[in-house]
Each structure stands twice: as structure tokens, then as C-alpha cells.
Amino acid sequence: MLEAIGSGTISLAMAKPSELPSVDDFLPPEILFQGTPFAMNRIILVRFVAMVVILLVLGITAARAKLIPSRWQGAIEWVIEFIRDSVVYDTLGEVRGKRYVPMITTIFLTILVFNLCGIIPGMNIAATATITMPLVFALWTFFQYMITGIREQGVWGYFKAELFPAGVPWPLYIILTPIQLLEMIVVKPASLTIRLFANMVAGHLLVAVSLAFAQFYVIEATNKLLALAGIGWFALGFALTAFEIFVAALQAYIFAILSTVYISMSYPEED
Amino acid sequence: MDIITLAEVSGNLSILGYGIAALGPALGLGIAVGKTVESMARQPEISGQLRTTMFIGLALIEVLALLGFVALFIA
Amino acid sequence: MNAVAAGNGIELFIPKLYDIVWSLIILLILAVFFYKFFMPKFQAIFDERSAKIEGNIQKAQKARDDADEAKKEYEDQLGKARVEASQIRDDARAEASRIVADARNRAETEANQITENAQRSLRSQQQQALVSLKGEVGTLATALAGKILGSQLQDNAVQSSMIDSIIADAGKGESDGQKA
């Protein structure tokens, strides 16, 4: 008796859509060239589409760029100047920063467009939503700041400044040095990677779960009163989609500025 | 289901772990950002430097939450 | 929400070989695009624009300087012209008053001369009249007196002295009458 009531309530409360989003969304099956190093899955196709869009849109904009900008060109120029002035020059200064402007611009614009794929109908998954793409960007940053540090301070000088920070009593080096080494080699690139990846995964799951529940309550559920709840879920999904646009831009910005900051940390202390 | 079991917690326990892992970094981020904004208001002329320093700190704090996120999926 | 964190979650964090390959290819293409085409193009646009703006500012500065110079020149000329005009006006005025004074002088001189001439001719005519009158009156008086006195006047000396005294009387009477 008790069991029957219990299971009844639970089955009502636990009624679930038949198809919930899962991590499998981020592990799509290979659909082209299976089994070769050039196998392609859905996310890679999305990535290619995003790349072609970037090449076409920005390429045409750049090819048609005039001295007196049109409205669209003005917007693109605003983005370029924002990255150059607010991200790179503010952090590195103009003399040091000049060399890194193309890199940071590449990182920012690419990540921005790749992230935005997550909310475009038909793609519905960010092109940065496998660990690899953020990892590649993070490795680029990693090599860039290693190379910068070695170029500016020499191999020995750079590692000495990083691993044995000046002004610390020597017994602390026993603890500090492994942490610094770990941070330099693992934590910086890994945190860049996982931050972007986790945001994309979480965003996709939130939006997809909201919309799946909306669909479940409005269409699949037998109890039509639940359609009201479905509308609530849909509103939530709508709001989260808008939030995803914001997150896409924010993560691109954070990735860009952290790359710049890591590069600036490779320069010798100014004082 | 056993008659003794009146309430059952089902699902993956690591979700709770992630919630706890997010708590500390959330507080830390709040404090760091709040203090930075305060300093920026007090000395707007060095806001660029403050922002850079803030981002370094945020990156370090966030690693903890990110570890929680990884643990959620790995466990 | 079991499905979200279902067992194969760790696979999320393991990059696959083909994923790495394609990511690198895509990133390489995009990086080449940005480094070789996009950024230089916009950098060129920015540089050109700032150069142009700088050039325009300089040109404007030059134009303003030129305008200032022209204005100064114009104002100088204007001032000079004004001074000249007033000078000319003064000259003209002086000339005019000189001409007027000349004319007046000449007119006065002429008038004086005319008056003098008139007086002189008047005086000479008077003299003439006096002389002719003296002759005629003498003859007349002699004739008259001869007729009256007859022989009494045989002596020329008496005759002439008497005539003279008569004429003197007549002349005196005549000049008194003229003066009156």
C-alpha cells in the first residue's frame, strides 16, 4: 500500500522527457572518414562552417575596406580597436603589445564566432564545445608566453624568475617552486581550456534541458495542465539562450585578456 | 524498494560535490571583484592595472571551480 | 539527470586524434587569414586614416595661416587706403579754399582797379572841363566886360588882371558848387 502510493508520487514527480541532453551531445559519432586521423563528426562540421563564415564575412569586409567606413565596417573596426586598446595595449603597453595584436584578435574573434554557433538553430552546439579546440588555443597561448619569456629573459632568467620569485625566504622555495612549476606548465593552459569548454558544455546543457522540458510538458505530457509549466520552461530556455550570447562574448573576452595577461607575466618585472 | 526506505536520494552524488566546489570560488570571486571595483572607484587612473591583476586572481580562483566541474564528469 | 553525468563523462576531457588534427588545421587557416590578410589590411586603413587626418589638420592649419596673412594684408591696405583718402580729401579741401581765396583776391584787386580807373578818368575829365571852361569863360567875360566898360579896358595890363580875378572868383564859385 505504502509502496504503491510512494511509487505513484515518485513516478509523477520524476516524469521525464524521453530524450534528455547528455554528454553524448559532445561526443557525436564520426560521420566522415571513420577511423582515420581525418575523421569528421558533427562538431567538426560546425567548426568548418564557422570558419568559412569568418573567412567570408571578415574577408569581404577587409577586401572592401575603405577609408570612410560603412556602418558594418565601423562595427568591425570598433571590435578591432577594442581588442587592440582595451585588451592588449592596456595590459602590455603599446610597444610590447604591438606584436601580439594579431594573435589576440585571432583568438578573440575565432572564439567569439565559435561560441555563438551554440545558439544558432541547426548547429545548436558551440564549435568550441569539445576539449580540443580550447586546448589548441590554450597551447598557442602557452607556447607564446614561454617563447616570450625565454626571448625576453633568457632560458635561465625566465625559469629563475618564474620558479624562484625574488624576495621570498629560501625555505619557502621547497613548497613554492613545485606550485609555480605546476602553474606555469599545467594550470595556466588547463584552466584556459577548461574554463571555455566548461562554459560551453554547461550553457548547452542548460539551454537544451530547458527546451527539452518545455517540449515534454507542452507536447508529450498527458496532463494538459502541465503545459503551463512547459511555458515557464520555454521562457527559461529563451532567457538562457540570450544569456548564452552574453557568455559567448564574455568567454572570448576572458580568454583573450588572460592570454594577454599570461604573456605580460613573461616580461621581466619593470621595477 | 525496501519498506524501511521512506525517502531515497537517487542520481549522481558528484553533482552535490560540484555544488560544494562552486561555493568557495563563488565567494572568492565575489570578494575579489568587489574589492577591485572599490579600488577602481577610489583610483580610476590605475583601473587598467587593477583589472589585469584582478584577472590573474580570478583565473587562479576559478581553477578550483573548474576542478569541481571536471570531477563532476569524471567521477 | 542521470544521463548528464553518465559513466563516459571522462571521455569529454580526452582529446581525440582527429579532433586535434582538424582543430589545428582550422586554427592554422584562421591564423594565416588574420595574420596575412585581415590585420595588415585594417592596419593599413588605420594608418592611412590617421595620416590623412594629420595631413588634413596640417592643411587646415596652413589654410588658416594663409587666411590670416591675407586678412592682415587686406587690413593693412584698407588702413592705408583710408589714410590716403582722408589725405586726398584734406588736400582737396585746402585746394578748394585756396582757389576760393585766390578768386576773391583777384576779384577784389580787379574791383579796386576798376574803381581807381573810374576815379582817375573822372578827375581828368574834371580837369579838362575846368581848363576848357577857364578858356571859354575868360573870352566870354572879356567880351562881356569889353562891351560893358568900352574904352576903360584899353590897357591890356588892367584887362588881364581883371579877367584873372573874375575867373578866380568864378572858379571858386564853380568848385564850391561842385562840392555841394
# chains A, B, ... in the order shown; residues from 1 in each chain; ligands from 1

call {"tool": "interface_residues", "arguments": {"of": "chain A", "to": "chain C", "cutoff": "9 Å", "atoms": "only C-alpha atoms", "output": "ChimeraX atom specification"}}
result
/A:20-24,26-27,35-41,44,47-48,51,54-55,58-59,61-63,65-68,77,80,101-103,105-107,110,130-133,135-137,194,205

call {"tool": "write_last_selection", "arguments": {"atoms": "N, CA and C atoms", "output": "tab-separated table (two decimals), in the first residue's frame"}}
result
chain	number	residue	atom	x	y	z
A	20	LEU	N	16.65	13.38	-22.94
A	20	LEU	CA	17.33	14.47	-22.25
A	20	LEU	C	18.70	14.66	-22.87
A	21	PRO	N	19.18	15.90	-22.92
A	21	PRO	CA	20.55	16.10	-23.41
A	21	PRO	C	21.53	15.41	-22.49
A	22	SER	N	22.61	14.96	-23.05
A	22	SER	CA	23.61	14.28	-22.23
A	22	SER	C	24.99	14.61	-22.76
A	23	VAL	N	25.98	14.07	-22.10
A	23	VAL	CA	27.35	14.32	-22.56
A	23	VAL	C	27.58	13.76	-23.94
A	24	ASP	N	26.69	12.85	-24.35
A	24	ASP	CA	26.87	12.29	-25.69
A	24	ASP	C	26.73	13.35	-26.78
A	26	PHE	N	28.29	15.92	-26.84
A	26	PHE	CA	29.63	16.44	-27.09
A	26	PHE	C	30.56	15.36	-27.61
A	27	LEU	N	30.02	14.16	-27.77
A	27	LEU	CA	30.81	13.07	-28.32
A	27	LEU	C	30.05	12.48	-29.50
A	35	GLY	N	37.50	6.36	-38.59
A	35	GLY	CA	38.67	5.56	-38.24
A	35	GLY	C	39.99	6.12	-38.70
A	36	THR	N	39.99	7.16	-39.52
A	36	THR	CA	41.26	7.76	-39.94
A	36	THR	C	41.54	8.98	-39.06
A	37	PRO	N	42.75	9.49	-39.11
A	37	PRO	CA	43.03	10.73	-38.36
A	37	PRO	C	42.24	11.91	-38.90
A	38	PHE	N	41.59	11.74	-40.03
A	38	PHE	CA	40.82	12.85	-40.60
A	38	PHE	C	39.32	12.62	-40.47
A	39	ALA	N	38.95	11.76	-39.50
A	39	ALA	CA	37.53	11.53	-39.30
A	39	ALA	C	36.84	12.83	-38.91
A	40	MET	N	35.59	12.95	-39.34
A	40	MET	CA	34.85	14.17	-39.03
A	40	MET	C	33.58	13.81	-38.29
A	41	ASN	N	33.24	14.62	-37.28
A	41	ASN	CA	31.93	14.45	-36.67
A	41	ASN	C	31.19	15.77	-36.78
A	44	ILE	N	32.91	19.03	-35.71
A	44	ILE	CA	33.96	19.49	-36.64
A	44	ILE	C	33.32	20.13	-37.86
A	47	ARG	N	32.39	23.49	-36.91
A	47	ARG	CA	33.59	24.29	-36.86
A	47	ARG	C	33.98	24.77	-38.26
A	48	PHE	N	33.85	23.86	-39.23
A	48	PHE	CA	34.19	24.25	-40.60
A	48	PHE	C	33.25	25.33	-41.11
A	51	MET	N	34.25	28.49	-39.62
A	51	MET	CA	35.48	29.01	-40.22
A	51	MET	C	35.17	29.67	-41.56
A	54	ILE	N	33.63	33.00	-41.01
A	54	ILE	CA	34.62	34.02	-40.65
A	54	ILE	C	35.39	34.48	-41.87
A	55	LEU	N	35.87	33.48	-42.64
A	55	LEU	CA	36.69	33.83	-43.81
A	55	LEU	C	35.90	34.70	-44.78
A	58	LEU	N	34.55	38.32	-42.77
A	58	LEU	CA	35.65	39.24	-42.47
A	58	LEU	C	36.52	39.47	-43.69
A	59	GLY	N	36.66	38.44	-44.54
A	59	GLY	CA	37.46	38.61	-45.74
A	59	GLY	C	36.85	39.63	-46.67
A	61	THR	N	34.72	41.95	-45.80
A	61	THR	CA	34.82	43.25	-45.14
A	61	THR	C	36.19	43.87	-45.34
A	62	ALA	N	37.22	43.04	-45.15
A	62	ALA	CA	38.58	43.58	-45.28
A	62	ALA	C	38.88	43.95	-46.72
A	63	ALA	N	38.39	43.14	-47.66
A	63	ALA	CA	38.69	43.42	-49.06
A	63	ALA	C	38.02	44.71	-49.51
A	65	ALA	N	37.31	47.16	-47.51
A	65	ALA	CA	37.51	48.21	-46.51
A	65	ALA	C	37.89	49.52	-47.19
A	66	LYS	N	37.23	50.56	-46.76
A	66	LYS	CA	37.51	51.88	-47.34
A	66	LYS	C	37.96	52.82	-46.23
A	67	LEU	N	38.47	53.97	-46.67
A	67	LEU	CA	38.95	54.95	-45.71
A	67	LEU	C	37.80	55.50	-44.89
A	68	ILE	N	36.68	55.71	-45.57
A	68	ILE	CA	35.48	56.17	-44.86
A	68	ILE	C	34.62	54.95	-44.63
A	77	GLU	N	35.64	47.59	-37.13
A	77	GLU	CA	36.78	48.38	-36.66
A	77	GLU	C	36.69	48.65	-35.17
A	80	ILE	N	38.00	45.60	-33.50
A	80	ILE	CA	39.46	45.51	-33.60
A	80	ILE	C	40.11	46.51	-32.65
A	101	VAL	N	49.03	41.84	-31.15
A	101	VAL	CA	47.67	42.23	-31.53
A	101	VAL	C	47.03	41.24	-32.51
A	102	PRO	N	47.72	40.80	-33.56
A	102	PRO	CA	47.07	39.85	-34.47
A	102	PRO	C	46.69	38.55	-33.76
A	103	MET	N	47.56	38.07	-32.90
A	103	MET	CA	47.26	36.82	-32.21
A	103	MET	C	46.01	36.95	-31.34
A	105	THR	N	43.68	39.15	-31.56
A	105	THR	CA	42.50	39.37	-32.40
A	105	THR	C	42.00	38.04	-32.97
A	106	THR	N	42.93	37.23	-33.44
A	106	THR	CA	42.54	35.92	-33.95
A	106	THR	C	41.81	35.12	-32.88
A	107	ILE	N	42.42	35.07	-31.70
A	107	ILE	CA	41.83	34.27	-30.62
A	107	ILE	C	40.44	34.80	-30.29
A	110	THR	N	37.82	34.39	-33.31
A	110	THR	CA	37.52	32.98	-33.58
A	110	THR	C	36.69	32.38	-32.46
A	130	THR	N	34.18	20.94	-27.81
A	130	THR	CA	34.96	19.76	-27.44
A	130	THR	C	36.23	20.29	-26.81
A	131	ILE	N	36.86	19.44	-26.03
A	131	ILE	CA	38.02	19.90	-25.27
A	131	ILE	C	39.15	20.35	-26.19
A	132	THR	N	39.14	19.86	-27.43
A	132	THR	CA	40.32	20.05	-28.28
A	132	THR	C	40.50	21.49	-28.73
A	133	MET	N	39.39	22.11	-29.16
A	133	MET	CA	39.53	23.46	-29.71
A	133	MET	C	40.06	24.44	-28.67
A	135	LEU	N	41.73	23.65	-26.14
A	135	LEU	CA	43.08	23.19	-25.82
A	135	LEU	C	44.08	23.73	-26.83
A	136	VAL	N	43.70	23.75	-28.10
A	136	VAL	CA	44.61	24.25	-29.13
A	136	VAL	C	44.88	25.74	-28.91
A	137	PHE	N	43.84	26.47	-28.63
A	137	PHE	CA	44.03	27.90	-28.33
A	137	PHE	C	44.94	28.07	-27.11
A	194	ILE	N	39.74	24.54	-19.81
A	194	ILE	CA	38.54	24.02	-19.15
A	194	ILE	C	37.52	25.11	-18.90
A	205	LEU	N	24.01	22.45	-22.09
A	205	LEU	CA	23.15	21.56	-21.30
A	205	LEU	C	21.98	22.34	-20.71

call {"tool": "residues_around", "arguments": {"residues": "A:Phe108", "least_positions_apart": "2", "cutoff": "10 Å", "atoms": "only C-alpha atoms", "output": "ChimeraX atom specification"}}
result
/A:79-80,83,102-106,110-114,249,251-257

call {"tool": "closest_residue", "arguments": {"among": "A:Pro69, A:Pro134, A:Gly154, A:Pro189", "to": "chain B", "atoms": "only C-alpha atoms"}}
result
A:Pro189

call {"tool": "interface_residues", "arguments": {"of": "chain B", "to": "chain C", "cutoff": "9 Å", "atoms": "only C-alpha atoms", "output": "NGL selection string"}}
result
:B and (10-12 or 14-15 or 70-75)

call {"tool": "residues_around", "arguments": {"residues": "stretch 178-186 of chain A", "least_positions_apart": "3", "cutoff": "10 Å", "atoms": "only C-alpha atoms", "output": "list in words"}}
result
Phe142, Tyr145, Met146, Phe159, Glu162, Leu163, Phe164, Pro165, Tyr173, Ile174, Ile175, Pro189, Ala190, Ser191 and Tyr262 of chain A; Leu60 of chain B

call {"tool": "interface_residues", "arguments": {"of": "chain B", "to": "chain A", "cutoff": "9 Å", "atoms": "only C-alpha atoms", "output": "PyMOL selection string"}}
result
chain B and resi 1-3+6+48-49+51-53+55-56+59-60+62-63+66-67+69-70+73

call {"tool": "residues_around", "arguments": {"residues": "B:Lys35", "least_positions_apart": "3", "cutoff": "12 Å", "atoms": "only C-alpha atoms", "output": "list in words"}}
result
Gly28, Leu29, Gly30, Ile31, Ala32, Glu38, Ser39, Met40, Ala41, Arg42, Leu50, Arg51, Thr53, Met54 and Gly57 of chain B
